[in-house]
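J.: Quick one, protein-v1.cif (mmCIF, C-alpha atoms):
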```cif
data_structure
loop_
_atom_site.group_PDB
_atom_site.id
_atom_site.type_symbol
_atom_site.label_atom_id
_atom_site.label_comp_id
_atom_site.auth_asym_id
_atom_site.auth_seq_id
_atom_site.Cartn_x
_atom_site.Cartn_y
_atom_site.Cartn_z
ATOM 1 C CA MET Q 3 5.459 -25.160 -18.545
ATOM 2 C CA THR Q 4 7.903 -22.270 -18.287
ATOM 3 C CA GLY Q 5 7.547 -21.561 -14.576
ATOM 4 C CA ARG Q 6 6.670 -17.940 -15.297
ATOM 5 C CA PRO Q 7 3.743 -16.348 -13.440
ATOM 6 C CA SER Q 8 0.418 -16.208 -15.201
ATOM 7 C CA PRO Q 9 -0.263 -12.542 -16.072
ATOM 8 C CA GLU Q 10 -4.048 -12.996 -16.064
ATOM 9 C CA ARG Q 11 -4.269 -14.296 -12.493
ATOM 10 C CA VAL Q 12 -6.096 -11.818 -10.281
ATOM 11 C CA ALA Q 13 -5.436 -11.644 -6.553
ATOM 12 C CA GLY Q 14 -8.435 -12.313 -4.360
ATOM 13 C CA PRO Q 15 -8.990 -11.852 -0.632
ATOM 14 C CA GLU Q 16 -7.952 -15.470 -0.068
ATOM 15 C CA ASP Q 17 -4.530 -14.676 -1.613
ATOM 16 C CA LEU Q 18 -3.756 -11.904 0.890
ATOM 17 C CA ASP Q 19 -2.086 -12.335 4.244
ATOM 18 C CA PRO Q 20 -4.997 -12.783 6.717
ATOM 19 C CA ARG Q 21 -3.665 -9.954 8.914
ATOM 20 C CA LEU Q 22 -4.554 -7.474 6.158
ATOM 21 C CA LEU Q 23 -8.223 -8.501 6.206
ATOM 22 C CA ARG Q 24 -8.726 -7.203 9.756
ATOM 23 C CA PRO Q 25 -7.842 -3.809 11.222
ATOM 24 C CA THR Q 26 -4.077 -3.850 11.723
ATOM 25 C CA GLU Q 27 -1.564 -1.699 13.514
ATOM 26 C CA ARG Q 28 1.564 -0.323 11.862
ATOM 27 C CA THR Q 29 3.687 -3.096 13.405
ATOM 28 C CA ASP Q 30 1.492 -5.804 11.837
ATOM 29 C CA ARG Q 31 1.715 -4.125 8.448
ATOM 30 C CA LEU Q 32 5.495 -3.843 8.679
ATOM 31 C CA GLN Q 33 5.677 -7.540 9.584
ATOM 32 C CA VAL Q 34 3.621 -8.416 6.484
ATOM 33 C CA VAL Q 35 6.024 -6.381 4.316
ATOM 34 C CA VAL Q 36 9.032 -8.176 5.830
ATOM 35 C CA GLU Q 37 7.517 -11.668 5.542
ATOM 36 C CA HIS Q 38 6.413 -11.103 1.937
ATOM 37 C CA TYR Q 39 9.693 -9.597 0.752
ATOM 38 C CA VAL Q 40 10.844 -11.374 -2.391
ATOM 39 C CA VAL Q 41 14.449 -10.921 -3.454
ATOM 40 C CA GLY Q 42 13.834 -11.684 -7.126
ATOM 41 C CA ALA Q 43 11.712 -13.720 -9.491
ATOM 42 C CA GLY Q 44 10.138 -16.864 -8.159
ATOM 43 C CA ARG Q 45 7.611 -17.289 -5.367
ATOM 44 C CA CYS Q 46 6.855 -15.033 -2.420
ATOM 45 C CA PRO Q 47 8.096 -16.755 0.738
ATOM 46 C CA GLY Q 48 5.060 -15.538 2.690
ATOM 47 C CA CYS Q 49 2.170 -16.502 0.428
ATOM 48 C CA GLY Q 50 3.678 -18.473 -2.436
ATOM 49 C CA TRP Q 51 2.415 -15.995 -5.053
ATOM 50 C CA ALA Q 52 4.420 -16.333 -8.283
ATOM 51 C CA VAL Q 53 6.273 -13.079 -8.991
ATOM 52 C CA LEU Q 54 8.678 -11.669 -11.535
ATOM 53 C CA ARG Q 55 9.729 -8.851 -9.183
ATOM 54 C CA ARG Q 56 9.370 -8.369 -5.447
ATOM 55 C CA GLN Q 57 6.826 -5.572 -5.898
ATOM 56 C CA GLU Q 58 4.307 -7.982 -7.415
ATOM 57 C CA CYS Q 59 3.320 -9.849 -4.232
ATOM 58 C CA PRO Q 60 -0.248 -8.629 -3.544
ATOM 59 C CA SER Q 61 0.095 -8.864 0.254
ATOM 60 C CA ARG Q 62 3.262 -6.776 0.169
ATOM 61 C CA GLN Q 63 1.691 -4.193 -2.158
ATOM 62 C CA VAL Q 64 -1.411 -3.805 0.017
ATOM 63 C CA ALA Q 65 0.662 -3.551 3.214
ATOM 64 C CA VAL Q 66 2.951 -0.888 1.702
ATOM 65 C CA CYS Q 67 -0.059 1.132 0.490
ATOM 66 C CA LEU Q 68 -1.614 0.963 3.965
ATOM 67 C CA LEU Q 69 1.669 2.024 5.583
ATOM 68 C CA ASP Q 70 2.129 4.944 3.193
ATOM 69 C CA ASN Q 71 -1.579 5.857 3.223
ATOM 70 C CA ARG Q 72 -1.646 5.557 -0.563
ATOM 71 C CA PRO Q 73 -4.416 4.247 -2.810
ATOM 72 C CA LEU Q 74 -4.144 0.637 -3.939
ATOM 73 C CA PRO Q 75 -2.669 0.085 -7.406
ATOM 74 C CA VAL Q 76 -5.201 -0.432 -10.194
ATOM 75 C CA ARG Q 77 -4.613 -4.194 -10.387
ATOM 76 C CA LEU Q 78 -5.558 -4.524 -6.683
ATOM 77 C CA ALA Q 79 -8.296 -1.866 -6.549
ATOM 78 C CA HIS Q 80 -11.011 -4.531 -6.369
ATOM 79 C CA LEU Q 81 -9.695 -5.466 -2.884
ATOM 80 C CA ALA Q 82 -10.389 -2.025 -1.381
ATOM 81 C CA ASP Q 83 -13.764 -3.183 -0.051
ATOM 82 C CA VAL Q 84 -12.330 -6.163 1.869
ATOM 83 C CA VAL Q 85 -9.148 -4.605 3.303
ATOM 84 C CA PRO Q 86 -9.834 -2.202 6.206
ATOM 85 C CA GLY Q 87 -8.287 1.201 5.565
ATOM 86 C CA ALA Q 88 -7.561 0.539 1.887
ATOM 87 C CA ARG Q 89 -8.733 3.000 -0.715
ATOM 88 C CA THR Q 90 -8.574 3.609 -4.429
ATOM 89 C CA GLY Q 91 -8.361 6.620 -6.677
ATOM 90 C CA ARG Q 92 -6.273 9.715 -6.532
ATOM 91 C CA ASP Q 93 -6.226 12.148 -3.675
ATOM 92 C CA SER Q 94 -7.387 15.641 -4.400
ATOM 93 C CA ALA Q 95 -5.365 18.604 -3.182
ATOM 94 C CA ALA Q 96 -8.065 19.190 -0.543
ATOM 95 C CA ASP Q 97 -7.693 15.590 0.707
ATOM 96 C CA ARG Q 98 -3.925 15.970 0.975
ATOM 97 C CA ASP Q 99 -4.279 19.325 2.759
ATOM 98 C CA GLU Q 100 -6.722 17.819 5.259
ATOM 99 C CA ARG Q 101 -4.438 14.818 5.920
ATOM 100 C CA ARG Q 102 -1.461 17.166 6.408
ATOM 101 C CA ARG Q 103 -3.485 19.386 8.740
ATOM 102 C CA VAL Q 104 -4.386 16.376 10.894
ATOM 103 C CA GLU Q 105 -0.800 15.081 10.902
ATOM 104 C CA ASP Q 106 0.584 18.527 11.762
ATOM 105 C CA ALA Q 107 -1.817 18.785 14.717
ATOM 106 C CA LEU Q 108 -0.444 15.615 16.324
ATOM 107 C CA PRO Q 109 1.654 16.255 19.427
ATOM 108 C CA GLY Q 110 5.404 16.133 18.933
ATOM 109 C CA LEU Q 111 8.645 17.282 20.444
ATOM 110 C CA PHE Q 112 8.324 20.692 18.821
ATOM 111 C CA ALA Q 113 5.784 22.650 16.822
ATOM 112 C CA ALA Q 114 5.509 21.637 13.199
ATOM 113 C CA PRO Q 115 6.650 24.252 10.686
ATOM 114 C CA VAL Q 116 3.908 25.995 8.781
ATOM 115 C CA ARG Q 117 3.377 24.370 5.408
ATOM 116 C CA ALA Q 118 3.113 26.397 2.232
ATOM 117 C CA PRO Q 119 -0.050 25.768 0.207
ATOM 118 C CA GLU Q 120 0.320 23.142 -2.504
ATOM 119 C CA ARG Q 121 1.044 24.624 -5.919
ATOM 120 C CA SER Q 122 -0.723 23.253 -8.946
ATOM 121 C CA ASP Q 123 1.428 22.112 -11.854
ATOM 122 C CA ARG Q 124 -1.261 23.260 -14.222
ATOM 123 C CA GLN Q 125 -1.572 26.916 -15.104
#
```
With the file now loaded, output its structure as structure tokens.
T.:
Amino acid sequence: MTGRPSPERVAGPEDLDPRLLRPTERTDRLQVVVEHYVVGAGRCPGCGWAVLRRQECPSRQVAVCLLDNRPLPVRLAHLADVVPGARTGRDSAADRDERRRVEDALPGLFAAPVRAPERSDRQ
């Protein structure tokens, strides 16, 4: 046995930090990221998941995606149905515009600057 992680192992709901399986606040998600931070190869200190790099802990990846409001990576997309707030797939320009419109409407210390429409890279 080499001690290297098995590449074919797929993360299931039972492998995730239990806080991610219920609606969580930003503070809870940040705590999951901190507790599942792996310095290098070995095992995640939070869940014991074998990793080659710190980014490979499934709990940490899901928590970061929830914090950043990003879709789950392909290898964790099957968990989107069990993690509240998780999603898969790419955002369309209309989705991003709607999210920005909602965020810009939130109260703040000063009025948000007007955003320029998103430009397409394709001509």
J.: Sort by chain and increasing residue number a table of all residues of region 29-102 of chain Q within 10 Å of region 19-23 of chain Q, each with its closest pair of atoms and their distance in Å to one decimal, counting only C-alpha atoms, and write it as CSV.
T.:
```
residue,atom,partner,partner_atom,distance
Q:Asp30,CA,Q:Arg21,CA,7.2
Q:Arg31,CA,Q:Leu22,CA,7.5
Q:Gln33,CA,Q:Arg21,CA,9.7
Q:Val34,CA,Q:Asp19,CA,7.3
Q:Glu37,CA,Q:Asp19,CA,9.7
Q:His38,CA,Q:Asp19,CA,8.9
Q:Gly48,CA,Q:Asp19,CA,8.0
Q:Cys49,CA,Q:Asp19,CA,7.1
Q:Pro60,CA,Q:Asp19,CA,8.8
Q:Ser61,CA,Q:Asp19,CA,5.7
Q:Arg62,CA,Q:Asp19,CA,8.7
Q:Val64,CA,Q:Leu22,CA,7.8
Q:Ala65,CA,Q:Leu22,CA,7.2
Q:Leu68,CA,Q:Leu22,CA,9.2
Q:Leu81,CA,Q:Leu23,CA,9.7
Q:Asp83,CA,Q:Leu23,CA,9.9
Q:Val84,CA,Q:Leu23,CA,6.4
Q:Val85,CA,Q:Leu23,CA,4.9
Q:Pro86,CA,Q:Leu23,CA,6.5
Q:Gly87,CA,Q:Leu22,CA,9.5
Q:Ala88,CA,Q:Leu22,CA,9.6
```
J.: Only C-alpha atoms, please: the residues just picked out, written as a PDB file, keeping the file's coordinate frame.
T.:
```pdb
ATOM      1  CA  ASP Q  30       1.492  -5.804  11.837  1.00  0.00           C
ATOM      2  CA  ARG Q  31       1.715  -4.125   8.448  1.00  0.00           C
ATOM      3  CA  GLN Q  33       5.677  -7.540   9.584  1.00  0.00           C
ATOM      4  CA  VAL Q  34       3.621  -8.416   6.484  1.00  0.00           C
ATOM      5  CA  GLU Q  37       7.517 -11.668   5.542  1.00  0.00           C
ATOM      6  CA  HIS Q  38       6.413 -11.103   1.937  1.00  0.00           C
ATOM      7  CA  GLY Q  48       5.060 -15.538   2.690  1.00  0.00           C
ATOM      8  CA  CYS Q  49       2.170 -16.502   0.428  1.00  0.00           C
ATOM      9  CA  PRO Q  60      -0.248  -8.629  -3.544  1.00  0.00           C
ATOM     10  CA  SER Q  61       0.095  -8.864   0.254  1.00  0.00           C
ATOM     11  CA  ARG Q  62       3.262  -6.776   0.169  1.00  0.00           C
ATOM     12  CA  VAL Q  64      -1.411  -3.805   0.017  1.00  0.00           C
ATOM     13  CA  ALA Q  65       0.662  -3.551   3.214  1.00  0.00           C
ATOM     14  CA  LEU Q  68      -1.614   0.963   3.965  1.00  0.00           C
ATOM     15  CA  LEU Q  81      -9.695  -5.466  -2.884  1.00  0.00           C
ATOM     16  CA  ASP Q  83     -13.764  -3.183  -0.051  1.00  0.00           C
ATOM     17  CA  VAL Q  84     -12.330  -6.163   1.869  1.00  0.00           C
ATOM     18  CA  VAL Q  85      -9.148  -4.605   3.303  1.00  0.00           C
ATOM     19  CA  PRO Q  86      -9.834  -2.202   6.206  1.00  0.00           C
ATOM     20  CA  GLY Q  87      -8.287   1.201   5.565  1.00  0.00           C
ATOM     21  CA  ALA Q  88      -7.561   0.539   1.887  1.00  0.00           C
TER      22      ALA Q  88
END
```
J.: Would you kindly translate the PyMOL selection byres ((chain Q and resi 98-107) around 12) into the concrete residues it picks from this file, as a ChimeraX atom specification?
T.: /Q:71-72,92-97,108-121
J.: List the neighbours of Gly44 (chain Q) out to 7 Å using all atoms listed in the file; skip same-chain residues closer than 3 positions along the sequence, and give me the result as a list in words.
T.: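 Returned residues: Ala52, Val53 and Leu54 of chain Q.
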J.: Hey, could you patch up region 85-118 of chain Q with N, CA and C atoms and hand it over as a PDB file, keeping the file's coordinate frame?
T.:
```pdb
ATOM      1  N   VAL Q  85     -10.311  -4.927   2.471  1.00  0.00           N
ATOM      2  CA  VAL Q  85      -9.148  -4.605   3.303  1.00  0.00           C
ATOM      3  C   VAL Q  85      -9.449  -3.321   4.078  1.00  0.00           C
ATOM      4  N   PRO Q  86      -9.549  -3.408   5.419  1.00  0.00           N
ATOM      5  CA  PRO Q  86      -9.834  -2.202   6.206  1.00  0.00           C
ATOM      6  C   PRO Q  86      -8.757  -1.130   6.012  1.00  0.00           C
ATOM      7  N   GLY Q  87      -9.208   0.080   5.729  1.00  0.00           N
ATOM      8  CA  GLY Q  87      -8.287   1.201   5.565  1.00  0.00           C
ATOM      9  C   GLY Q  87      -7.777   1.385   4.155  1.00  0.00           C
ATOM     10  N   ALA Q  88      -8.030   0.419   3.274  1.00  0.00           N
ATOM     11  CA  ALA Q  88      -7.561   0.539   1.887  1.00  0.00           C
ATOM     12  C   ALA Q  88      -8.495   1.450   1.111  1.00  0.00           C
ATOM     13  N   ARG Q  89      -7.939   2.107   0.123  1.00  0.00           N
ATOM     14  CA  ARG Q  89      -8.733   3.000  -0.715  1.00  0.00           C
ATOM     15  C   ARG Q  89      -8.193   2.984  -2.125  1.00  0.00           C
ATOM     16  N   THR Q  90      -8.975   3.538  -3.029  1.00  0.00           N
ATOM     17  CA  THR Q  90      -8.574   3.609  -4.429  1.00  0.00           C
ATOM     18  C   THR Q  90      -8.705   5.042  -4.904  1.00  0.00           C
ATOM     19  N   GLY Q  91      -8.226   5.294  -6.079  1.00  0.00           N
ATOM     20  CA  GLY Q  91      -8.361   6.620  -6.677  1.00  0.00           C
ATOM     21  C   GLY Q  91      -7.288   7.574  -6.215  1.00  0.00           C
ATOM     22  N   ARG Q  92      -7.266   8.694  -6.851  1.00  0.00           N
ATOM     23  CA  ARG Q  92      -6.273   9.715  -6.532  1.00  0.00           C
ATOM     24  C   ARG Q  92      -6.793  10.638  -5.456  1.00  0.00           C
ATOM     25  N   ASP Q  93      -5.876  11.150  -4.674  1.00  0.00           N
ATOM     26  CA  ASP Q  93      -6.226  12.148  -3.675  1.00  0.00           C
ATOM     27  C   ASP Q  93      -6.349  13.501  -4.354  1.00  0.00           C
ATOM     28  N   SER Q  94      -7.307  14.267  -3.913  1.00  0.00           N
ATOM     29  CA  SER Q  94      -7.387  15.641  -4.400  1.00  0.00           C
ATOM     30  C   SER Q  94      -6.473  16.496  -3.522  1.00  0.00           C
ATOM     31  N   ALA Q  95      -6.202  17.694  -3.966  1.00  0.00           N
ATOM     32  CA  ALA Q  95      -5.365  18.604  -3.182  1.00  0.00           C
ATOM     33  C   ALA Q  95      -6.021  18.868  -1.830  1.00  0.00           C
ATOM     34  N   ALA Q  96      -7.352  18.957  -1.804  1.00  0.00           N
ATOM     35  CA  ALA Q  96      -8.065  19.190  -0.543  1.00  0.00           C
ATOM     36  C   ALA Q  96      -7.884  18.006   0.406  1.00  0.00           C
ATOM     37  N   ASP Q  97      -7.911  16.775  -0.129  1.00  0.00           N
ATOM     38  CA  ASP Q  97      -7.693  15.590   0.707  1.00  0.00           C
ATOM     39  C   ASP Q  97      -6.288  15.604   1.305  1.00  0.00           C
ATOM     40  N   ARG Q  98      -5.305  15.925   0.486  1.00  0.00           N
ATOM     41  CA  ARG Q  98      -3.925  15.970   0.975  1.00  0.00           C
ATOM     42  C   ARG Q  98      -3.749  17.071   2.023  1.00  0.00           C
ATOM     43  N   ASP Q  99      -4.368  18.234   1.784  1.00  0.00           N
ATOM     44  CA  ASP Q  99      -4.279  19.325   2.759  1.00  0.00           C
ATOM     45  C   ASP Q  99      -4.910  18.925   4.083  1.00  0.00           C
ATOM     46  N   GLU Q 100      -6.049  18.261   4.035  1.00  0.00           N
ATOM     47  CA  GLU Q 100      -6.722  17.819   5.259  1.00  0.00           C
ATOM     48  C   GLU Q 100      -5.865  16.803   6.005  1.00  0.00           C
ATOM     49  N   ARG Q 101      -5.297  15.825   5.280  1.00  0.00           N
ATOM     50  CA  ARG Q 101      -4.438  14.818   5.920  1.00  0.00           C
ATOM     51  C   ARG Q 101      -3.218  15.490   6.553  1.00  0.00           C
ATOM     52  N   ARG Q 102      -2.622  16.454   5.865  1.00  0.00           N
ATOM     53  CA  ARG Q 102      -1.461  17.166   6.408  1.00  0.00           C
ATOM     54  C   ARG Q 102      -1.839  17.976   7.639  1.00  0.00           C
ATOM     55  N   ARG Q 103      -3.028  18.598   7.596  1.00  0.00           N
ATOM     56  CA  ARG Q 103      -3.485  19.386   8.740  1.00  0.00           C
ATOM     57  C   ARG Q 103      -3.633  18.492   9.971  1.00  0.00           C
ATOM     58  N   VAL Q 104      -4.218  17.321   9.785  1.00  0.00           N
ATOM     59  CA  VAL Q 104      -4.386  16.376  10.894  1.00  0.00           C
ATOM     60  C   VAL Q 104      -3.029  15.897  11.407  1.00  0.00           C
ATOM     61  N   GLU Q 105      -2.125  15.553  10.486  1.00  0.00           N
ATOM     62  CA  GLU Q 105      -0.800  15.081  10.902  1.00  0.00           C
ATOM     63  C   GLU Q 105      -0.018  16.180  11.613  1.00  0.00           C
ATOM     64  N   ASP Q 106      -0.128  17.416  11.141  1.00  0.00           N
ATOM     65  CA  ASP Q 106       0.584  18.527  11.762  1.00  0.00           C
ATOM     66  C   ASP Q 106       0.050  18.841  13.161  1.00  0.00           C
ATOM     67  N   ALA Q 107      -1.210  18.516  13.414  1.00  0.00           N
ATOM     68  CA  ALA Q 107      -1.817  18.785  14.717  1.00  0.00           C
ATOM     69  C   ALA Q 107      -1.431  17.748  15.770  1.00  0.00           C
ATOM     70  N   LEU Q 108      -0.847  16.636  15.361  1.00  0.00           N
ATOM     71  CA  LEU Q 108      -0.444  15.615  16.324  1.00  0.00           C
ATOM     72  C   LEU Q 108       0.648  16.158  17.233  1.00  0.00           C
ATOM     73  N   PRO Q 109       0.619  15.760  18.514  1.00  0.00           N
ATOM     74  CA  PRO Q 109       1.654  16.255  19.427  1.00  0.00           C
ATOM     75  C   PRO Q 109       3.028  15.719  19.039  1.00  0.00           C
ATOM     76  N   GLY Q 110       4.033  16.521  19.250  1.00  0.00           N
ATOM     77  CA  GLY Q 110       5.404  16.133  18.933  1.00  0.00           C
ATOM     78  C   GLY Q 110       6.373  16.804  19.882  1.00  0.00           C
ATOM     79  N   LEU Q 111       7.625  16.666  19.605  1.00  0.00           N
ATOM     80  CA  LEU Q 111       8.645  17.282  20.444  1.00  0.00           C
ATOM     81  C   LEU Q 111       8.698  18.793  20.276  1.00  0.00           C
ATOM     82  N   PHE Q 112       8.309  19.263  19.094  1.00  0.00           N
ATOM     83  CA  PHE Q 112       8.324  20.692  18.821  1.00  0.00           C
ATOM     84  C   PHE Q 112       7.205  20.993  17.837  1.00  0.00           C
ATOM     85  N   ALA Q 113       6.867  22.246  17.726  1.00  0.00           N
ATOM     86  CA  ALA Q 113       5.784  22.650  16.822  1.00  0.00           C
ATOM     87  C   ALA Q 113       6.184  22.390  15.378  1.00  0.00           C
ATOM     88  N   ALA Q 114       5.247  21.901  14.616  1.00  0.00           N
ATOM     89  CA  ALA Q 114       5.509  21.637  13.199  1.00  0.00           C
ATOM     90  C   ALA Q 114       5.631  22.959  12.452  1.00  0.00           C
ATOM     91  N   PRO Q 115       6.547  23.020  11.480  1.00  0.00           N
ATOM     92  CA  PRO Q 115       6.650  24.252  10.686  1.00  0.00           C
ATOM     93  C   PRO Q 115       5.385  24.457   9.868  1.00  0.00           C
ATOM     94  N   VAL Q 116       5.088  25.677   9.578  1.00  0.00           N
ATOM     95  CA  VAL Q 116       3.908  25.995   8.781  1.00  0.00           C
ATOM     96  C   VAL Q 116       4.168  25.568   7.342  1.00  0.00           C
ATOM     97  N   ARG Q 117       3.235  24.832   6.796  1.00  0.00           N
ATOM     98  CA  ARG Q 117       3.377  24.370   5.408  1.00  0.00           C
ATOM     99  C   ARG Q 117       2.900  25.448   4.439  1.00  0.00           C
ATOM    100  N   ALA Q 118       3.562  25.515   3.305  1.00  0.00           N
ATOM    101  CA  ALA Q 118       3.113  26.397   2.232  1.00  0.00           C
ATOM    102  C   ALA Q 118       1.994  25.686   1.486  1.00  0.00           C
TER     103      ALA Q 118
END
```
